[in-house]
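Q: Please see the structure below; I have some questions.
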Amino acid sequence: MNFDIAWGIARRSLMLIPRQPSTFFPSLMMPVFLTISFAGAFSGIVLLTGFPAEKAIDWFVPMTALQGAAFAGITTGMGTARDMENGFYDRFLLSPAPRMALLLGPLIASVLRAFIPLAILLLLALVGGANFRDGLLGVATLVIAGLGFALAAGAWAVGLALRFRTQQIVPLMQSGTFLLVFLSTAQMPLELLGGWLHAVARVNPMTYILELARQGFLGEVAWSTTWPGLIALAGLIGVLGVFAARGMQKVTP
């Protein structure tokens, strides 16, 4: 019964994509724009000694794919903020539906929405001549990383929406994920980073999630480059899931 309620809320979120494409289309185009920009403008980055990718697109597509997945989670949180602001969400809170079912609905929608940017970025990688060195297994690790990051981003965005109850919090939703990604190995491998950025990237869980996502483009998928990313992903989802759950417990109509 609880899952039926959560699935109904998730379906409502998914139905808003064709009904209000303006709320989803910009977040879909941004990772495409970033991929084309980075892979083109920084194509010479592969000439650096020690750079692990043969082509720039091999390095940047996994990063922008994760960004696209994060945007999917953020747009779900934006929908929750909109419902909170116009009073519609009070109907959910006053209903007999369990609070955790109300929270699970947007998180399911975040994961399902993430399939769209992931599919588009993988198609762009194929057209752009990216090296799928480990074939479907490499694609699978990217998809796992992307869906997990969408879930984490959705929990972050929904948690903020429940606390602030206004769409004015959207910039914080976006900047939080941007900082997490770009203060990691988003643009350069850890060995080529220096100063404070190296220190931050070294402890940033996103560094290991990116390694999980990229490995099939740079070489063979290996357990040694998989398990740290899975642990980092699980930890991020756990922390942000608790953040969202506490927000749901405290929110009142």
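Chain labels follow the order of the structure tokens: the first chain is A, the next B, and so on; residue numbering restarts at 1 in every chain, and ligands are counted from 1 in their shown order.
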Would you please extract all helix (DSSP H, G or I) residues from stretch 7-229 of chain A, as assigned by DSSP on the backbone, and give them as a PyMOL selection string?
A: chain A and resi 7-19+21-23+25-41+43-47+56-86+89-94+99-127+135-164+167-182+190-192+195-203+205-218+223-225+227-229
Q: Pick from A:Ser27, A:Thr49, A:Gln167, A:Gln20: nearest to A:Gln67, with only C-alpha atoms counted?
A: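 So, comparing all the options, the nearest one is A:Ser27.
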Q: For the contact check between stretch 166-246 of chain A and stretch 132-154 of chain A, emit one row per residue of stretch 166-246 of chain A within 12 Å, containing the shortest atom pair and the distance in Å rounded to one decimal, counting only C-alpha atoms, chain then rising number order, as JSON lines.
A:
{"residue": "A:Leu172", "atom": "CA", "partner": "A:Ala153", "partner_atom": "CA", "distance": 11.7}
{"residue": "A:Met173", "atom": "CA", "partner": "A:Ala153", "partner_atom": "CA", "distance": 8.2}
{"residue": "A:Gln174", "atom": "CA", "partner": "A:Ala153", "partner_atom": "CA", "distance": 9.1}
{"residue": "A:Ser175", "atom": "CA", "partner": "A:Ala153", "partner_atom": "CA", "distance": 11.2}
{"residue": "A:Gly176", "atom": "CA", "partner": "A:Ala153", "partner_atom": "CA", "distance": 9.0}
{"residue": "A:Thr177", "atom": "CA", "partner": "A:Ala153", "partner_atom": "CA", "distance": 7.0}
{"residue": "A:Phe178", "atom": "CA", "partner": "A:Ala153", "partner_atom": "CA", "distance": 10.6}
{"residue": "A:Leu180", "atom": "CA", "partner": "A:Ala153", "partner_atom": "CA", "distance": 10.5}
{"residue": "A:Val181", "atom": "CA", "partner": "A:Phe149", "partner_atom": "CA", "distance": 10.6}
{"residue": "A:Pro205", "atom": "CA", "partner": "A:Phe149", "partner_atom": "CA", "distance": 11.0}
{"residue": "A:Met206", "atom": "CA", "partner": "A:Phe149", "partner_atom": "CA", "distance": 9.2}
{"residue": "A:Thr207", "atom": "CA", "partner": "A:Ala145", "partner_atom": "CA", "distance": 11.7}
{"residue": "A:Tyr208", "atom": "CA", "partner": "A:Ala145", "partner_atom": "CA", "distance": 10.0}
{"residue": "A:Ile209", "atom": "CA", "partner": "A:Ala145", "partner_atom": "CA", "distance": 6.3}
{"residue": "A:Leu210", "atom": "CA", "partner": "A:Ala145", "partner_atom": "CA", "distance": 7.7}
{"residue": "A:Glu211", "atom": "CA", "partner": "A:Leu142", "partner_atom": "CA", "distance": 9.4}
{"residue": "A:Leu212", "atom": "CA", "partner": "A:Thr141", "partner_atom": "CA", "distance": 6.3}
{"residue": "A:Ala213", "atom": "CA", "partner": "A:Leu142", "partner_atom": "CA", "distance": 4.1}
{"residue": "A:Arg214", "atom": "CA", "partner": "A:Leu142", "partner_atom": "CA", "distance": 6.8}
{"residue": "A:Gln215", "atom": "CA", "partner": "A:Gly138", "partner_atom": "CA", "distance": 6.7}
{"residue": "A:Gly216", "atom": "CA", "partner": "A:Gly138", "partner_atom": "CA", "distance": 3.6}
{"residue": "A:Phe217", "atom": "CA", "partner": "A:Phe132", "partner_atom": "CA", "distance": 5.0}
{"residue": "A:Leu218", "atom": "CA", "partner": "A:Arg133", "partner_atom": "CA", "distance": 6.6}
{"residue": "A:Gly219", "atom": "CA", "partner": "A:Arg133", "partner_atom": "CA", "distance": 5.5}
{"residue": "A:Glu220", "atom": "CA", "partner": "A:Asp134", "partner_atom": "CA", "distance": 5.2}
{"residue": "A:Val221", "atom": "CA", "partner": "A:Gly138", "partner_atom": "CA", "distance": 6.3}
{"residue": "A:Ala222", "atom": "CA", "partner": "A:Gly138", "partner_atom": "CA", "distance": 9.9}
{"residue": "A:Trp223", "atom": "CA", "partner": "A:Thr141", "partner_atom": "CA", "distance": 11.0}
{"residue": "A:Thr225", "atom": "CA", "partner": "A:Thr141", "partner_atom": "CA", "distance": 10.4}
{"residue": "A:Thr226", "atom": "CA", "partner": "A:Thr141", "partner_atom": "CA", "distance": 8.0}
{"residue": "A:Trp227", "atom": "CA", "partner": "A:Thr141", "partner_atom": "CA", "distance": 10.9}
{"residue": "A:Pro228", "atom": "CA", "partner": "A:Ala145", "partner_atom": "CA", "distance": 11.6}
{"residue": "A:Gly229", "atom": "CA", "partner": "A:Ala145", "partner_atom": "CA", "distance": 7.9}
{"residue": "A:Leu230", "atom": "CA", "partner": "A:Ala145", "partner_atom": "CA", "distance": 7.9}
{"residue": "A:Ile231", "atom": "CA", "partner": "A:Ala145", "partner_atom": "CA", "distance": 11.0}
{"residue": "A:Ala232", "atom": "CA", "partner": "A:Ala145", "partner_atom": "CA", "distance": 10.1}
{"residue": "A:Leu233", "atom": "CA", "partner": "A:Gly148", "partner_atom": "CA", "distance": 6.5}
{"residue": "A:Ala234", "atom": "CA", "partner": "A:Gly148", "partner_atom": "CA", "distance": 8.0}
{"residue": "A:Gly235", "atom": "CA", "partner": "A:Ala152", "partner_atom": "CA", "distance": 9.6}
{"residue": "A:Leu236", "atom": "CA", "partner": "A:Ala152", "partner_atom": "CA", "distance": 6.4}
{"residue": "A:Ile237", "atom": "CA", "partner": "A:Ala152", "partner_atom": "CA", "distance": 4.7}
{"residue": "A:Gly238", "atom": "CA", "partner": "A:Ala152", "partner_atom": "CA", "distance": 8.2}
{"residue": "A:Val239", "atom": "CA", "partner": "A:Ala152", "partner_atom": "CA", "distance": 8.6}
{"residue": "A:Leu240", "atom": "CA", "partner": "A:Ala152", "partner_atom": "CA", "distance": 6.1}
{"residue": "A:Gly241", "atom": "CA", "partner": "A:Ala152", "partner_atom": "CA", "distance": 7.1}
{"residue": "A:Val242", "atom": "CA", "partner": "A:Ala152", "partner_atom": "CA", "distance": 10.6}
{"residue": "A:Phe243", "atom": "CA", "partner": "A:Ala152", "partner_atom": "CA", "distance": 10.3}
{"residue": "A:Ala244", "atom": "CA", "partner": "A:Gly154", "partner_atom": "CA", "distance": 8.9}
{"residue": "A:Ala245", "atom": "CA", "partner": "A:Gly154", "partner_atom": "CA", "distance": 11.9}
Q: Take the residues from that selection and write them out as a PDB file, in the first residue's frame, keeping C-alpha atoms.
A:
ATOM      1  CA  LEU A 172      21.149  26.225  -3.367  1.00  0.00           C
ATOM      2  CA  MET A 173      19.945  22.882  -4.735  1.00  0.00           C
ATOM      3  CA  GLN A 174      21.941  23.477  -7.906  1.00  0.00           C
ATOM      4  CA  SER A 175      25.063  25.010  -6.378  1.00  0.00           C
ATOM      5  CA  GLY A 176      25.367  22.201  -3.843  1.00  0.00           C
ATOM      6  CA  THR A 177      25.681  19.540  -6.537  1.00  0.00           C
ATOM      7  CA  PHE A 178      27.905  21.752  -8.701  1.00  0.00           C
ATOM      8  CA  LEU A 180      30.371  18.538  -5.037  1.00  0.00           C
ATOM      9  CA  VAL A 181      31.191  17.657  -8.646  1.00  0.00           C
ATOM     10  CA  PRO A 205      33.254  11.153  -2.318  1.00  0.00           C
ATOM     11  CA  MET A 206      32.521  12.391  -5.834  1.00  0.00           C
ATOM     12  CA  THR A 207      36.105  11.552  -6.840  1.00  0.00           C
ATOM     13  CA  TYR A 208      35.417   7.868  -6.247  1.00  0.00           C
ATOM     14  CA  ILE A 209      31.961   7.999  -7.835  1.00  0.00           C
ATOM     15  CA  LEU A 210      33.527   9.513 -10.963  1.00  0.00           C
ATOM     16  CA  GLU A 211      36.143   6.770 -10.961  1.00  0.00           C
ATOM     17  CA  LEU A 212      33.321   4.224 -10.862  1.00  0.00           C
ATOM     18  CA  ALA A 213      31.580   5.943 -13.764  1.00  0.00           C
ATOM     19  CA  ARG A 214      34.687   6.490 -15.929  1.00  0.00           C
ATOM     20  CA  GLN A 215      36.494   3.200 -15.660  1.00  0.00           C
ATOM     21  CA  GLY A 216      34.772   1.556 -18.623  1.00  0.00           C
ATOM     22  CA  PHE A 217      35.782   4.480 -20.869  1.00  0.00           C
ATOM     23  CA  LEU A 218      39.426   4.482 -19.764  1.00  0.00           C
ATOM     24  CA  GLY A 219      40.084   0.761 -19.539  1.00  0.00           C
ATOM     25  CA  GLU A 220      38.631  -2.429 -18.131  1.00  0.00           C
ATOM     26  CA  VAL A 221      36.185  -2.434 -15.254  1.00  0.00           C
ATOM     27  CA  ALA A 222      37.917  -3.745 -12.133  1.00  0.00           C
ATOM     28  CA  TRP A 223      36.760  -4.396  -8.590  1.00  0.00           C
ATOM     29  CA  THR A 225      38.018   0.846  -9.069  1.00  0.00           C
ATOM     30  CA  THR A 226      34.439  -0.205  -8.389  1.00  0.00           C
ATOM     31  CA  TRP A 227      34.075  -0.813  -4.666  1.00  0.00           C
ATOM     32  CA  PRO A 228      35.331   2.630  -3.502  1.00  0.00           C
ATOM     33  CA  GLY A 229      32.754   4.292  -5.760  1.00  0.00           C
ATOM     34  CA  LEU A 230      29.961   2.041  -4.521  1.00  0.00           C
ATOM     35  CA  ILE A 231      30.842   2.787  -0.896  1.00  0.00           C
ATOM     36  CA  ALA A 232      31.059   6.535  -1.590  1.00  0.00           C
ATOM     37  CA  LEU A 233      27.725   6.405  -3.383  1.00  0.00           C
ATOM     38  CA  ALA A 234      26.065   4.467  -0.566  1.00  0.00           C
ATOM     39  CA  GLY A 235      27.452   6.882   2.021  1.00  0.00           C
ATOM     40  CA  LEU A 236      26.260   9.930   0.080  1.00  0.00           C
ATOM     41  CA  ILE A 237      22.788   8.455  -0.391  1.00  0.00           C
ATOM     42  CA  GLY A 238      22.649   7.506   3.288  1.00  0.00           C
ATOM     43  CA  VAL A 239      23.617  10.957   4.598  1.00  0.00           C
ATOM     44  CA  LEU A 240      21.344  12.870   2.219  1.00  0.00           C
ATOM     45  CA  GLY A 241      18.559  10.333   2.700  1.00  0.00           C
ATOM     46  CA  VAL A 242      18.616  11.016   6.454  1.00  0.00           C
ATOM     47  CA  PHE A 243      18.651  14.754   5.667  1.00  0.00           C
ATOM     48  CA  ALA A 244      15.492  14.374   3.564  1.00  0.00           C
ATOM     49  CA  ALA A 245      13.806  12.019   6.032  1.00  0.00           C
TER      50      ALA A 245
END
Q: So that I can check the surroundings of stretch 159-164 of chain A, please list as a list of chain:residue names every protein, DNA and RNA residue that reaches within 7 Å of it, counting only C-alpha atoms and ignoring chain neighbours fewer than 5 positions away.
A: A:Gly77, A:Thr80, A:Ala81, A:Ile169, A:Phe243, A:Ala244, A:Gly247, A:Met248, A:Val251
Q: Those same residues, written as a PDB file, in the first residue's frame with N, CA and C atoms?
A:
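Output file again_3.pdb follows:
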ATOM      1  N   GLY A  77      13.092  17.867  -6.941  1.00  0.00           N
ATOM      2  CA  GLY A  77      13.017  18.707  -5.756  1.00  0.00           C
ATOM      3  C   GLY A  77      12.373  20.053  -6.040  1.00  0.00           C
ATOM      4  N   THR A  80       8.731  19.619  -5.828  1.00  0.00           N
ATOM      5  CA  THR A  80       8.281  19.585  -4.436  1.00  0.00           C
ATOM      6  C   THR A  80       8.225  20.992  -3.846  1.00  0.00           C
ATOM      7  N   ALA A  81       9.246  21.802  -4.157  1.00  0.00           N
ATOM      8  CA  ALA A  81       9.257  23.183  -3.666  1.00  0.00           C
ATOM      9  C   ALA A  81       8.074  23.973  -4.225  1.00  0.00           C
ATOM     10  N   ILE A 169      14.769  28.477  -2.994  1.00  0.00           N
ATOM     11  CA  ILE A 169      15.881  27.647  -2.534  1.00  0.00           C
ATOM     12  C   ILE A 169      16.530  26.881  -3.685  1.00  0.00           C
ATOM     13  N   PHE A 243      18.961  13.320   5.748  1.00  0.00           N
ATOM     14  CA  PHE A 243      18.651  14.754   5.667  1.00  0.00           C
ATOM     15  C   PHE A 243      17.221  14.965   5.168  1.00  0.00           C
ATOM     16  N   ALA A 244      16.845  14.248   4.120  1.00  0.00           N
ATOM     17  CA  ALA A 244      15.492  14.374   3.564  1.00  0.00           C
ATOM     18  C   ALA A 244      14.445  13.804   4.520  1.00  0.00           C
ATOM     19  N   GLY A 247      13.710  16.117   7.326  1.00  0.00           N
ATOM     20  CA  GLY A 247      12.879  17.212   6.847  1.00  0.00           C
ATOM     21  C   GLY A 247      11.431  16.812   6.718  1.00  0.00           C
ATOM     22  N   MET A 248      11.181  15.584   6.253  1.00  0.00           N
ATOM     23  CA  MET A 248       9.817  15.100   6.104  1.00  0.00           C
ATOM     24  C   MET A 248       9.141  14.915   7.473  1.00  0.00           C
ATOM     25  N   VAL A 251       8.174  18.579   8.814  1.00  0.00           N
ATOM     26  CA  VAL A 251       7.329  19.490   8.058  1.00  0.00           C
ATOM     27  C   VAL A 251       5.878  19.379   8.513  1.00  0.00           C
TER      28      VAL A 251
END
Q: Find the spatial neighbours of A:Pro96, counting only C-alpha atoms, within a cut-off of 12 Å - ignore same-chain residues fewer than 6 positions away - and output them as a compact mmCIF listing (two decimals) with C-alpha atoms, in the first residue's frame.
A:
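Saved as around-v5.txt:
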# COMPACT_ATOMS: atom_id res chain seq x y z
CA MET A 1 0.00 0.00 0.00
CA ASN A 2 2.79 2.42 0.91
CA ILE A 5 1.17 5.78 -2.78
CA ASP A 90 -0.47 20.38 2.30
CA LEU A 102 5.46 10.82 0.49
Q: To one decimal place in Å, what is the distance between atom CA of A:Met84 and atom CA of A:Arg165?
A: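 Computing the Euclidean distance for atom CA of A:Met84 and atom CA of A:Arg165 yields 5.1 Å.
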Q: Counting only C-alpha atoms, which residues in stretch 138-217 of chain A sit no more than 12 Å from stretch 34-39 of chain A? For each one, give the nearest pair of atoms and the distance in Å, sorted by chain then residue number, as a tab-separated table.
A:
residue	atom	partner	partner_atom	distance
A:Ala186	CA	A:Phe38	CA	10.9
A:Gln187	CA	A:Phe38	CA	8.8
A:Met188	CA	A:Phe38	CA	11.8
